[in-house]
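Student: So here's input-v5.txt (compact mmCIF, C-alpha atoms and all ligand atoms).
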```txt
# COMPACT_ATOMS: atom_id res chain seq x y z
CA MET E 1 58.33 49.28 54.95
CA ARG E 2 55.40 47.80 53.06
CA SER E 3 54.80 44.12 53.61
CA GLY E 4 56.34 42.01 50.87
CA GLU E 5 59.09 44.55 50.29
CA ARG E 6 62.51 43.08 50.80
CA LYS E 7 64.87 44.31 53.44
CA THR E 8 68.58 43.63 53.53
CA ARG E 9 69.93 41.98 56.66
CA LEU E 10 73.25 43.44 57.75
CA VAL E 11 75.70 41.09 59.40
CA ALA E 12 78.87 42.65 60.83
CA VAL E 13 81.81 40.34 61.52
CA ALA E 14 84.09 41.70 64.26
CA SER E 15 86.50 40.35 66.87
CA GLY E 16 88.56 42.92 68.70
CA LYS E 17 91.76 41.01 67.98
CA GLY E 18 93.24 40.70 64.50
CA GLY E 19 94.19 37.45 62.81
CA VAL E 20 91.35 35.34 64.23
CA GLY E 21 89.60 34.67 60.89
CA LYS E 22 87.15 37.56 60.31
CA THR E 23 88.00 37.99 56.64
CA PHE E 24 88.08 34.25 55.98
CA LEU E 25 84.71 33.80 57.69
CA SER E 26 83.10 36.90 56.14
CA LEU E 27 83.90 35.64 52.66
CA ASN E 28 82.90 32.05 53.33
CA VAL E 29 79.72 32.82 55.26
CA ALA E 30 78.73 35.11 52.37
CA VAL E 31 79.35 32.28 49.89
CA ALA E 32 77.43 29.81 52.10
CA LEU E 33 74.41 32.14 52.18
CA ALA E 34 74.63 32.57 48.41
CA GLN E 35 74.76 28.80 47.96
CA ARG E 36 71.53 28.63 49.96
CA GLY E 37 69.87 30.76 47.31
CA ARG E 38 70.23 34.16 49.00
CA SER E 39 71.46 37.23 47.18
CA VAL E 40 74.52 38.38 49.08
CA MET E 41 76.80 41.38 49.10
CA LEU E 42 80.08 41.44 50.95
CA PHE E 43 81.50 44.78 52.00
CA ASP E 44 85.16 44.95 52.87
CA GLY E 45 84.76 47.26 55.83
CA ASP E 46 88.35 46.90 57.02
CA MET E 47 88.79 50.38 55.66
CA GLY E 48 92.40 51.32 55.26
CA LEU E 49 93.67 47.71 55.30
CA ALA E 50 91.13 45.91 53.13
CA ASN E 51 91.99 42.42 51.96
CA VAL E 52 88.92 40.47 50.80
CA HIS E 53 90.07 41.06 47.21
CA VAL E 54 93.60 39.97 48.13
CA LEU E 55 92.23 36.64 49.32
CA LEU E 56 90.64 36.20 45.88
CA GLY E 57 93.63 37.48 43.90
CA ILE E 58 91.61 40.36 42.42
CA GLN E 59 93.01 43.85 41.90
CA PRO E 60 90.04 46.24 41.90
CA ASN E 61 90.23 49.20 39.51
CA GLN E 62 88.10 51.25 41.87
CA ASP E 63 87.16 50.85 45.49
CA VAL E 64 85.15 52.51 48.19
CA SER E 65 87.70 55.32 48.59
CA ASP E 66 87.02 56.39 44.97
CA VAL E 67 83.31 56.56 45.76
CA ILE E 68 83.89 58.63 48.88
CA ALA E 69 86.12 61.01 46.92
CA GLY E 70 83.41 61.34 44.25
CA ARG E 71 85.52 59.72 41.51
CA CYS E 72 83.04 56.94 40.66
CA GLU E 73 79.64 55.46 41.43
CA LEU E 74 79.44 52.76 44.06
CA SER E 75 77.95 50.33 41.53
CA ALA E 76 81.13 50.69 39.41
CA THR E 77 83.25 49.16 42.19
CA LEU E 78 81.28 45.91 42.47
CA LEU E 79 83.27 42.72 41.89
CA GLU E 80 81.88 39.27 41.16
CA GLY E 81 83.03 36.89 43.89
CA PRO E 82 82.74 33.12 44.30
CA GLY E 83 79.23 31.72 44.40
CA GLY E 84 77.86 34.92 42.83
CA VAL E 85 78.61 37.07 45.90
CA LYS E 86 78.85 40.75 44.96
CA ILE E 87 81.87 42.34 46.61
CA VAL E 88 82.28 46.01 47.47
CA PRO E 89 86.07 46.29 47.74
CA GLY E 90 87.65 48.38 50.45
CA SER E 91 90.83 50.35 50.07
CA SER E 92 94.25 49.57 51.40
CA GLY E 93 96.96 51.93 52.44
CA LYS E 94 94.94 55.14 52.21
CA ARG E 95 94.96 57.23 55.35
CA ASP E 96 91.92 59.36 54.41
CA VAL E 97 89.74 56.25 54.33
CA ALA E 98 91.37 54.81 57.44
CA GLU E 99 90.36 57.95 59.32
CA LEU E 100 86.75 58.33 58.18
CA GLY E 101 84.32 59.42 60.88
CA VAL E 102 80.94 58.07 61.95
CA THR E 103 78.97 60.10 59.40
CA GLU E 104 81.05 59.02 56.42
CA VAL E 105 81.06 55.36 57.46
CA THR E 106 77.28 55.55 57.89
CA GLN E 107 76.81 57.20 54.51
CA THR E 108 78.98 54.60 52.85
CA LEU E 109 77.03 51.74 54.38
CA GLN E 110 73.76 53.44 53.55
CA ALA E 111 74.79 53.80 49.91
CA ILE E 112 75.75 50.12 49.77
CA GLY E 113 72.43 49.16 51.34
CA ALA E 114 70.61 51.25 48.74
CA LEU E 115 72.20 49.47 45.74
CA GLN E 116 69.64 47.89 43.42
CA PRO E 117 68.48 45.20 43.37
CA PRO E 118 68.59 44.93 47.17
CA ALA E 119 70.48 41.93 48.51
CA ASP E 120 69.02 39.56 51.09
CA PHE E 121 72.23 39.83 53.12
CA LEU E 122 75.00 42.35 53.41
CA VAL E 123 77.97 40.74 55.17
CA ILE E 124 80.47 43.29 56.50
CA ASP E 125 84.05 42.33 57.20
CA THR E 126 85.47 44.73 59.79
CA GLY E 127 88.97 45.50 60.97
CA ALA E 128 90.64 44.76 64.29
CA GLY E 129 90.21 46.92 67.36
CA ILE E 130 87.25 48.78 68.81
CA GLY E 131 87.65 52.05 66.94
CA THR E 132 84.97 54.15 65.29
CA HIS E 133 84.80 52.13 62.06
CA VAL E 134 84.18 48.85 63.81
CA THR E 135 81.69 50.18 66.35
CA THR E 136 79.77 52.15 63.72
CA LEU E 137 79.51 49.22 61.32
CA ALA E 138 78.50 46.92 64.18
CA ARG E 139 75.84 49.19 65.65
CA LEU E 140 74.26 49.67 62.22
CA SER E 141 73.97 45.93 61.69
CA ASP E 142 71.14 43.52 62.45
CA ALA E 143 73.55 40.88 63.73
CA VAL E 144 76.97 41.34 65.31
CA VAL E 145 79.08 38.25 64.78
CA VAL E 146 82.07 38.07 67.11
CA VAL E 147 84.86 35.74 66.04
CA ILE E 148 87.10 34.23 68.73
CA ARG E 149 89.98 31.77 68.85
CA ASP E 150 91.21 29.63 71.67
CA GLU E 151 93.75 32.08 73.05
CA PRO E 152 93.56 34.48 76.01
CA ALA E 153 94.17 37.66 73.96
CA SER E 154 91.30 36.78 71.61
CA LEU E 155 88.89 36.29 74.52
CA ALA E 156 90.06 39.45 76.27
CA ASP E 157 89.66 41.54 73.11
CA ALA E 158 86.29 40.02 72.20
CA TYR E 159 85.08 40.82 75.71
CA GLY E 160 86.34 44.41 75.28
CA LEU E 161 84.41 44.74 72.03
CA ILE E 162 81.22 43.28 73.52
CA LYS E 163 81.50 45.51 76.58
CA VAL E 164 81.86 48.68 74.49
CA MET E 165 79.03 47.70 72.12
CA TYR E 166 76.77 46.89 75.07
CA GLN E 167 77.59 49.75 77.43
CA GLU E 168 78.07 52.54 74.91
CA PHE E 169 75.70 51.54 72.13
CA GLY E 170 73.10 49.35 73.84
CA CYS E 171 73.81 46.37 71.62
CA GLN E 172 72.49 43.28 73.42
CA ARG E 173 72.82 40.39 71.00
CA PHE E 174 76.11 38.88 69.95
CA GLN E 175 76.54 35.81 67.77
CA LEU E 176 79.78 34.06 68.68
CA ILE E 177 81.86 31.97 66.30
CA VAL E 178 84.72 29.98 67.79
CA ASN E 179 87.14 29.61 64.89
CA ASP E 180 90.17 27.48 64.12
CA VAL E 181 89.62 24.88 66.86
CA PHE E 182 91.43 21.54 66.93
CA ASN E 183 88.69 19.86 68.94
CA PRO E 184 84.99 20.78 68.78
CA ARG E 185 84.49 20.12 72.51
CA ARG E 186 87.22 22.64 73.24
CA GLY E 187 85.36 25.14 71.04
CA LEU E 188 82.31 24.89 73.29
CA ASP E 189 84.51 25.37 76.37
CA VAL E 190 86.00 28.54 74.88
CA PHE E 191 82.52 29.91 74.24
CA GLU E 192 81.45 29.03 77.78
CA ARG E 193 84.46 30.81 79.25
CA LEU E 194 83.64 34.05 77.45
CA GLN E 195 79.96 33.70 78.23
CA GLN E 196 80.73 33.33 81.96
CA VAL E 197 82.74 36.55 81.93
CA ALA E 198 80.01 38.42 80.01
CA MET E 199 77.37 37.15 82.45
CA ARG E 200 79.41 37.97 85.52
CA PHE E 201 80.47 41.51 84.59
CA LEU E 202 77.71 42.62 82.20
CA GLY E 203 74.83 40.27 83.04
CA LEU E 204 74.72 39.55 79.33
CA PRO E 205 74.12 36.12 77.77
CA LEU E 206 75.87 35.44 74.44
CA GLU E 207 74.64 33.32 71.54
CA LEU E 208 76.76 30.57 70.00
CA CYS E 209 76.46 30.76 66.23
CA GLY E 210 78.91 27.93 65.60
CA VAL E 211 82.32 26.32 65.94
CA VAL E 212 84.66 26.10 62.95
CA PRO E 213 87.53 23.59 63.01
CA HIS E 214 91.10 24.26 62.02
CA GLU E 215 90.94 23.36 58.34
CA ALA E 216 94.05 22.39 56.39
CA ASN E 217 92.32 23.22 53.09
CA VAL E 218 92.05 26.92 53.98
CA ILE E 219 95.58 27.50 52.70
CA ASN E 220 94.84 25.48 49.54
CA ALA E 221 91.75 27.60 48.84
CA VAL E 222 93.84 30.75 49.30
CA ARG E 223 96.44 29.39 46.85
CA ARG E 224 93.62 28.82 44.35
CA ARG E 225 92.36 32.35 45.05
CA ASP E 226 88.98 30.88 45.81
CA SER E 227 86.66 30.56 48.80
CA LEU E 228 86.85 27.39 50.90
CA LEU E 229 83.19 26.67 50.16
CA THR E 230 83.58 26.73 46.40
CA ALA E 231 87.02 25.05 46.31
CA PHE E 232 86.39 22.34 48.92
CA PRO E 233 82.64 22.19 49.58
CA ASP E 234 82.72 18.90 51.47
CA CYS E 235 85.63 19.51 53.88
CA ALA E 236 84.89 19.82 57.62
CA GLY E 237 85.47 23.58 57.59
CA SER E 238 82.96 24.13 54.78
CA VAL E 239 80.35 21.94 56.46
CA ALA E 240 80.72 23.93 59.71
CA ILE E 241 80.34 27.23 57.85
CA GLN E 242 77.25 25.95 56.03
CA ARG E 243 75.73 25.33 59.48
CA LEU E 244 76.64 28.85 60.59
CA ALA E 245 74.84 30.25 57.57
CA VAL E 246 71.65 28.45 58.57
CA ASN E 247 71.87 30.05 62.02
CA LEU E 248 72.48 33.48 60.55
CA GLU E 249 69.42 33.18 58.36
CA ALA E 250 67.39 33.04 61.57
CA VAL E 251 68.60 36.48 62.73
CA ARG E 252 65.69 38.77 63.63
CA ILE E 253 65.46 42.15 61.97
CA ASP E 254 63.44 45.18 62.96
CA GLU E 255 60.19 45.24 61.04
CA GLY E 256 58.68 48.56 60.05
CA ASN E 257 61.97 50.43 59.97
CA ASN E 258 61.89 52.04 56.55
CA GLU E 259 64.42 54.70 57.48
CA PHE E 260 67.13 52.23 56.59
CA LEU E 261 70.22 52.86 58.74
CA ILE E 262 69.34 56.46 59.55
CA ASP E 263 67.09 55.70 62.49
CA ARG E 264 69.62 53.38 63.98
CA LEU E 265 72.08 56.17 64.61
CA GLY E 266 69.45 58.73 65.47
CA ALA E 267 71.13 61.15 63.07
CA MET E 268 70.45 62.08 59.49
CA PRO E 269 73.58 62.00 57.36
CA ARG E 270 73.88 65.20 55.37
CA LYS E 271 74.49 63.70 51.95
CA ALA E 272 74.54 60.24 50.41
CA VAL E 273 77.69 58.80 48.88
CA THR E 274 76.38 57.55 45.56
N1 LIG R 1 89.42 27.68 60.44
C1 LIG R 1 90.62 27.97 59.93
N2 LIG R 1 91.49 26.98 59.61
C2 LIG R 1 92.72 27.27 59.12
N3 LIG R 1 93.17 28.52 58.88
C3 LIG R 1 92.36 29.55 59.19
C4 LIG R 1 91.04 29.33 59.72
N4 LIG R 1 90.47 30.54 59.92
C5 LIG R 1 91.37 31.46 59.52
N5 LIG R 1 92.50 30.88 59.07
C6 LIG R 1 93.72 31.58 58.60
O1 LIG R 1 94.13 32.48 59.64
C7 LIG R 1 94.70 33.66 59.09
C8 LIG R 1 93.99 34.89 59.63
O2 LIG R 1 92.66 34.94 59.10
P1 LIG R 1 91.98 36.32 58.65
O3 LIG R 1 90.65 35.96 58.11
O4 LIG R 1 92.88 37.12 57.77
O5 LIG R 1 91.85 37.03 60.07
P2 LIG R 1 91.34 38.50 60.44
O6 LIG R 1 90.53 38.99 59.28
O7 LIG R 1 90.54 38.32 61.69
O8 LIG R 1 92.57 39.33 60.68
C9 LIG R 1 94.59 33.52 57.57
O9 LIG R 1 95.81 33.05 57.06
C10 LIG R 1 93.49 32.49 57.40
O10 LIG R 1 93.58 31.81 56.18
MG MG R 2 90.73 40.76 58.08
```
For the structure just supplied, provide its representation as structure tokens.

Tutor:
Amino acid sequence: MRSGERKTRLVAVASGKGGVGKTFLSLNVAVALAQRGRSVMLFDGDMGLANVHVLLGIQPNQDVSDVIAGRCELSATLLEGPGGVKIVPGSSGKRDVAELGVTEVTQTLQAIGALQPPADFLVIDTGAGIGTHVTTLARLSDAVVVVIRDEPASLADAYGLIKVMYQEFGCQRFQLIVNDVFNPRRGLDVFERLQQVAMRFLGLPLELCGVVPHEANVINAVRRRDSLLTAFPDCAGSVAIQRLAVNLEAVRIDEGNNEFLIDRLGAMPRKAVT
């Protein structure tokens, strides 16, 4: 990549366990980055059970499954989200998309990354579990954000995700977000607990990206079909997410990698999905 040319930073939001706040945080971190003057795309990578658009009360005419089937161009699916975030909607209830393999997921992400003009950030909401979609989206990203809540199943599943990403894909950096905490001190303890396990069994330090409080206005933002950051910019939850965005801006990316996404898998996808 020539110096001065812009490169999109990919941020995957994963968790292992469902219901911990990935979709809420993906949307709101994307809006926070946009409010800081960044151009941001948000890809609903929970393929098969996508719901970013549901959160915003939008019914997309076309989504990523139409692109994969060759029915439309990727650019035709783009939705305008809060704060000027451009959303690539995922599809819900379609088995063919839910069962896409590594190559198709890679091609899809590559096509999104190639959209013009290039965004500064591409935030990727992923689904639950540690299946192929999640691991592929995570290993193709510059930053893997792992969302946890203060409950044993969340910590166990986040550890499972980190272990797989580390041992099978050599991923060494994980940005942790402790979400939905009732006491910030407790949030730090939860992070420490997971970090101790990761150190003990994997020898791997984790990075704390931030702690987000339980926020009563989340439900009010959902009722307004808006993001928390645009509906209630001054509430404690929004302020915490604004801080997260500052930390995410500091994520390192590989310089000199002009084979966007292809090099990272070590395999050349056979055809692009545009
Ligand atoms: N910090 C928070 N405060 C209050 N409610 C939250 C918070 N984070 C998430 N939620 C709520 O928790 C539920 C699950 O969040 P969601 O983003 O759908 O999780 P996931 O995508 O991980 O399955 C949603 O109803 C969401 O609005
Ligand atoms: Mg979700």

Student: In Å, rounded to a single decimal, give me how far CA of Lys163 in chain E is from CA of Ile177 in chain E.

Tutor: 17.0 Å

Student: Taking only C-alpha atoms and all ligand atoms into account, report as an MDAnalysis selection string which residues have an atom no farther than 9 Å from an atom of ligand LIG 1 (chain R).

Tutor: chainID E and resid 13:27 46 51:52 55 125:128 147:148 179:181 212:219 221:222 237

Student: Would you mind exporting C-alpha atoms of the selected residues as a CSV table (one decimal), keeping the file's coordinate frame?

Tutor:
```csv
chain,number,residue,atom,x,y,z
E,13,VAL,CA,81.8,40.3,61.5
E,14,ALA,CA,84.1,41.7,64.3
E,15,SER,CA,86.5,40.4,66.9
E,16,GLY,CA,88.6,42.9,68.7
E,17,LYS,CA,91.8,41.0,68.0
E,18,GLY,CA,93.2,40.7,64.5
E,19,GLY,CA,94.2,37.4,62.8
E,20,VAL,CA,91.4,35.3,64.2
E,21,GLY,CA,89.6,34.7,60.9
E,22,LYS,CA,87.2,37.6,60.3
E,23,THR,CA,88.0,38.0,56.6
E,24,PHE,CA,88.1,34.2,56.0
E,25,LEU,CA,84.7,33.8,57.7
E,26,SER,CA,83.1,36.9,56.1
E,27,LEU,CA,83.9,35.6,52.7
E,46,ASP,CA,88.4,46.9,57.0
E,51,ASN,CA,92.0,42.4,52.0
E,52,VAL,CA,88.9,40.5,50.8
E,55,LEU,CA,92.2,36.6,49.3
E,125,ASP,CA,84.0,42.3,57.2
E,126,THR,CA,85.5,44.7,59.8
E,127,GLY,CA,89.0,45.5,61.0
E,128,ALA,CA,90.6,44.8,64.3
E,147,VAL,CA,84.9,35.7,66.0
E,148,ILE,CA,87.1,34.2,68.7
E,179,ASN,CA,87.1,29.6,64.9
E,180,ASP,CA,90.2,27.5,64.1
E,181,VAL,CA,89.6,24.9,66.9
E,212,VAL,CA,84.7,26.1,63.0
E,213,PRO,CA,87.5,23.6,63.0
E,214,HIS,CA,91.1,24.3,62.0
E,215,GLU,CA,90.9,23.4,58.3
E,216,ALA,CA,94.0,22.4,56.4
E,217,ASN,CA,92.3,23.2,53.1
E,218,VAL,CA,92.0,26.9,54.0
E,219,ILE,CA,95.6,27.5,52.7
E,221,ALA,CA,91.8,27.6,48.8
E,222,VAL,CA,93.8,30.8,49.3
E,237,GLY,CA,85.5,23.6,57.6
```

Student: Which is closest to ligand MG 2 (chain R) among E:Pro152, E:Gly45, E:Pro60, E:Pro184, if we use all atoms listed in the file?

Tutor: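 Nearest candidate to ligand MG 2 (chain R) out of E:Pro152, E:Gly45, E:Pro60, E:Pro184: E:Gly45.
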
Student: Using only C-alpha atoms and all ligand atoms, pick whichever of E:Ser92, E:Ser39, E:Gln195, E:Asn61 has the shortest atom-to-atom distance to ligand MG 2 (chain R).

Tutor: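 The closest residue to ligand MG 2 (chain R) is E:Ser92.
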
Student: If we count all atoms listed in the file, what is near Pro89 in chain E at a cut-off of 8 Å, once residues fewer than 5 positions away on the same chain are taken out, given as a PyMOL selection string?

Tutor: chain E and resi 43-44+50+52-53+60+62-64+77-79

Student: Using all atoms listed in the file, which residue out of E:Gly129, E:Gly113, E:Gly84, E:Gly101 lies closest to ligand MG 2 (chain R)?

Tutor: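 The answer is E:Gly129, which sits nearest to ligand MG 2 (chain R).
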
Student: Please measure the separation of CA of Arg200 in chain E and CA of Val11 in chain E, giving the value in Å to one decimal.

Tutor: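 If I compute the distance from CA of Arg200 in chain E to CA of Val11 in chain E, I get 26.6 Å.
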
Student: For Pro118 in chain E, work out the shell of residues within 9 Å, counting only C-alpha atoms and skipping chain neighbours fewer than 2 positions away, then give it as a VMD selection string.

Tutor: chain E and resid 6 to 8 39 113 to 116 120 to 121

Student: Just checking: using only C-alpha atoms, which residue out of E:Asn28, E:Ala12, E:Gln172, E:Pro205 ends up closest to Ser238 in chain E?

Tutor: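 Closest to Ser238 in chain E of all the choices is E:Asn28.
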
Student: Rounded to one decimal in Å, what is the spacing between CA of Ile112 in chain E and CA of Val251 in chain E?

Tutor: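 If I compute the distance from CA of Ile112 in chain E to CA of Val251 in chain E, I get 20.1 Å.
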
Student: Return the single residue from E:Gln242, E:Gly70, E:Thr136, E:Ile124 that is closest to ligand MG 2 (chain R), with distances computed using all atoms listed in the file.

Tutor: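 Counting all atoms listed in the file, the residue closest to ligand MG 2 (chain R) is E:Ile124.
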
Student: For ligand MG 2 (chain R), which residue out of E:Leu49, E:Ala34, E:Val97, E:Ala245 is the nearest one, using only C-alpha atoms and all ligand atoms?

Tutor: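 Closest candidate: E:Leu49.
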
Student: Write out as JSON an axis-aligned box for range 10-29 of chain E: all of its atoms listed in the file, 8 Å added on each side, centre and edge lengths in Å with one decimal.

Tutor:
```
{"center_x": 83.7, "center_y": 37.7, "center_z": 60.7, "size_x": 36.9, "size_y": 27.4, "size_z": 32.0}
```
